[in-house]
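See below for the structure under consideration.
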Amino acid sequence: MSKLERIVHDDSNGLDYILVGEIYLPLIAVSEEKRDIGFYGSLHRNYLKDYKGGLYSYLTLTGELWTYLADLNEQCVECRDFLMNQIMEQEGITEELKSRDQMEWVRRANNVRSRVDEIILNELVYV
């Protein structure tokens, strides 16, 4: 019986394979992403796992999942901040209202926050 090479290269797909036991497994290097995936990224990751298995597998195998989720989270946070400021300005939820009636300001700000979260979840996260 001939001895198998420890590492082989497949020119058809450009991948290197390493011999583990009697099986060749692909050598996949995952990039080091330093950013956190945050709240929206983790929700989207769970959505991909449950409903978009092919895309989830592709992103995982190519090492792009964490970067993809971190980018999505940043986009969602920017959108949330922009929409919150815009809607609060349109509805007159100001610092003056906050100093005059804190409970009313909290009630209205929380209402805006829940509407903005619903928009972000439906338009960016669960797509």
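Residues in the structure tokens are named by chain (A, B, ... in the order shown) and by number from 1 within that chain; ligands are numbered from 1 in the order shown.
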Among chain A, which ones does DSSP assign to alpha helix (DSSP H) (computed from the backbone)? Answer as a ChimeraX atom specification. /A:38-51,53-62,65-90,95-100,102-120
Please identify all polymer residues within 10 Å of Gln75 in chain A, counting only C-alpha atoms, omitting same-chain residues fewer than 6 positions from it, and present them as a PyMOL selection string. chain A and resi 40-41+69+120+124
Selected residues, N, CA and C atoms, written as a compact mmCIF listing (two decimals), in the first residue's frame, please.
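Here's the written file selection_34.txt:
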```txt
# COMPACT_ATOMS: atom_id res chain seq x y z
N TYR A 40 -28.30 42.75 16.48
CA TYR A 40 -28.92 42.49 15.19
C TYR A 40 -28.17 41.40 14.42
N GLY A 41 -26.85 41.36 14.55
CA GLY A 41 -26.07 40.33 13.88
C GLY A 41 -26.38 38.95 14.41
N LEU A 69 -21.96 39.50 9.34
CA LEU A 69 -22.84 39.82 10.46
C LEU A 69 -22.45 41.12 11.14
N ILE A 120 -36.55 47.82 11.37
CA ILE A 120 -35.22 47.25 11.13
C ILE A 120 -35.29 45.73 11.04
N LEU A 124 -34.22 44.59 7.41
CA LEU A 124 -32.80 44.27 7.33
C LEU A 124 -32.42 42.92 7.92
```
Leaving out Ile93 in chain A and any residue of its chain fewer than 5 positions from it, which residues lie within 9 Å of it when counting only C-alpha atoms, given as a list of chain:residue names?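 So, after excluding close chain neighbours, the residues are A:Ile87, A:Met88, A:Lys98, A:Trp105, A:Arg108, A:Ala109.
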Just the residues within 12 Å of Leu61 in chain A, please, counting only C-alpha atoms, with nothing from its chain fewer than 5 positions along; format it as an NGL selection string. :A and (15 or 26-31 or 53-56 or 66)
My list of candidates is A:Leu72, A:Ile119, A:Ile23, A:Cys79. Which is closest to Arg35 in chain A when distances are computed with only C-alpha atoms?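 Once distances to Arg35 in chain A are computed over only C-alpha atoms, the minimum belongs to A:Leu72.
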Using CA of Ile7 in chain A and CA of Leu19 in chain A as the two end points, give the distance in Å to one decimal. 6.3 Å
Atom pair CA of His44 in chain A + CA of Asn13 in chain A, distance 29.3 Å
Quick one: residues within 10 Å of Tyr51 in chain A, only C-alpha atoms, excluding same-chain residues fewer than 5 positions away - as a list of chain:residue names?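 Returned residues: A:Asn46, A:Tyr56, A:Tyr126, A:Val127.
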I need the residues from that last selection saved to file as an mmCIF file, in the first residue's frame (with N, CA, C and O atoms), if you can.
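After the write, again_21.cif holds the following:
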```
data_model
loop_
_atom_site.group_PDB
_atom_site.id
_atom_site.type_symbol
_atom_site.label_atom_id
_atom_site.label_comp_id
_atom_site.auth_asym_id
_atom_site.auth_seq_id
_atom_site.Cartn_x
_atom_site.Cartn_y
_atom_site.Cartn_z
ATOM 1 N N ASN A 46 -29.052 33.627 13.629
ATOM 2 C CA ASN A 46 -30.045 32.602 13.954
ATOM 3 C C ASN A 46 -31.050 32.428 12.825
ATOM 4 O O ASN A 46 -31.465 31.309 12.517
ATOM 5 N N TYR A 56 -25.991 30.280 4.944
ATOM 6 C CA TYR A 56 -25.258 30.171 6.205
ATOM 7 C C TYR A 56 -24.038 29.266 6.036
ATOM 8 O O TYR A 56 -22.935 29.618 6.470
ATOM 9 N N TYR A 126 -34.559 40.077 9.057
ATOM 10 C CA TYR A 126 -35.283 38.874 8.629
ATOM 11 C C TYR A 126 -35.607 38.926 7.150
ATOM 12 O O TYR A 126 -36.759 38.877 6.751
ATOM 13 N N VAL A 127 -34.574 39.034 6.333
ATOM 14 C CA VAL A 127 -34.749 39.095 4.889
ATOM 15 C C VAL A 127 -33.946 37.981 4.246
ATOM 16 O O VAL A 127 -32.848 37.711 4.603
#
```
Enter the distance from CA of Asp81 in chain A to CA of Leu121 in chain A, in Å, rounded to one decimal.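 Value for the CA of Asp81 in chain A-CA of Leu121 in chain A distance: 14.1 Å.
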Compare A:Met103, A:Ala70, A:Val125, A:Ile18 by their minimum atom-to-atom distance to Arg6 in chain A, counting only C-alpha atoms, and give me the closest one.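 Using only C-alpha atoms, the shortest distance to Arg6 in chain A belongs to A:Ile18.
Counting only C-alpha atoms and comparing A:Leu48, A:Leu65, A:Val20, A:Met84, the residue that lies closest to Asn110 in chain A is A:Met84.
Nearest to Asn122 in chain A of all the residues A:Lys52, A:Asp71, A:Glu89, A:Tyr47 is A:Tyr47, counting only C-alpha atoms.
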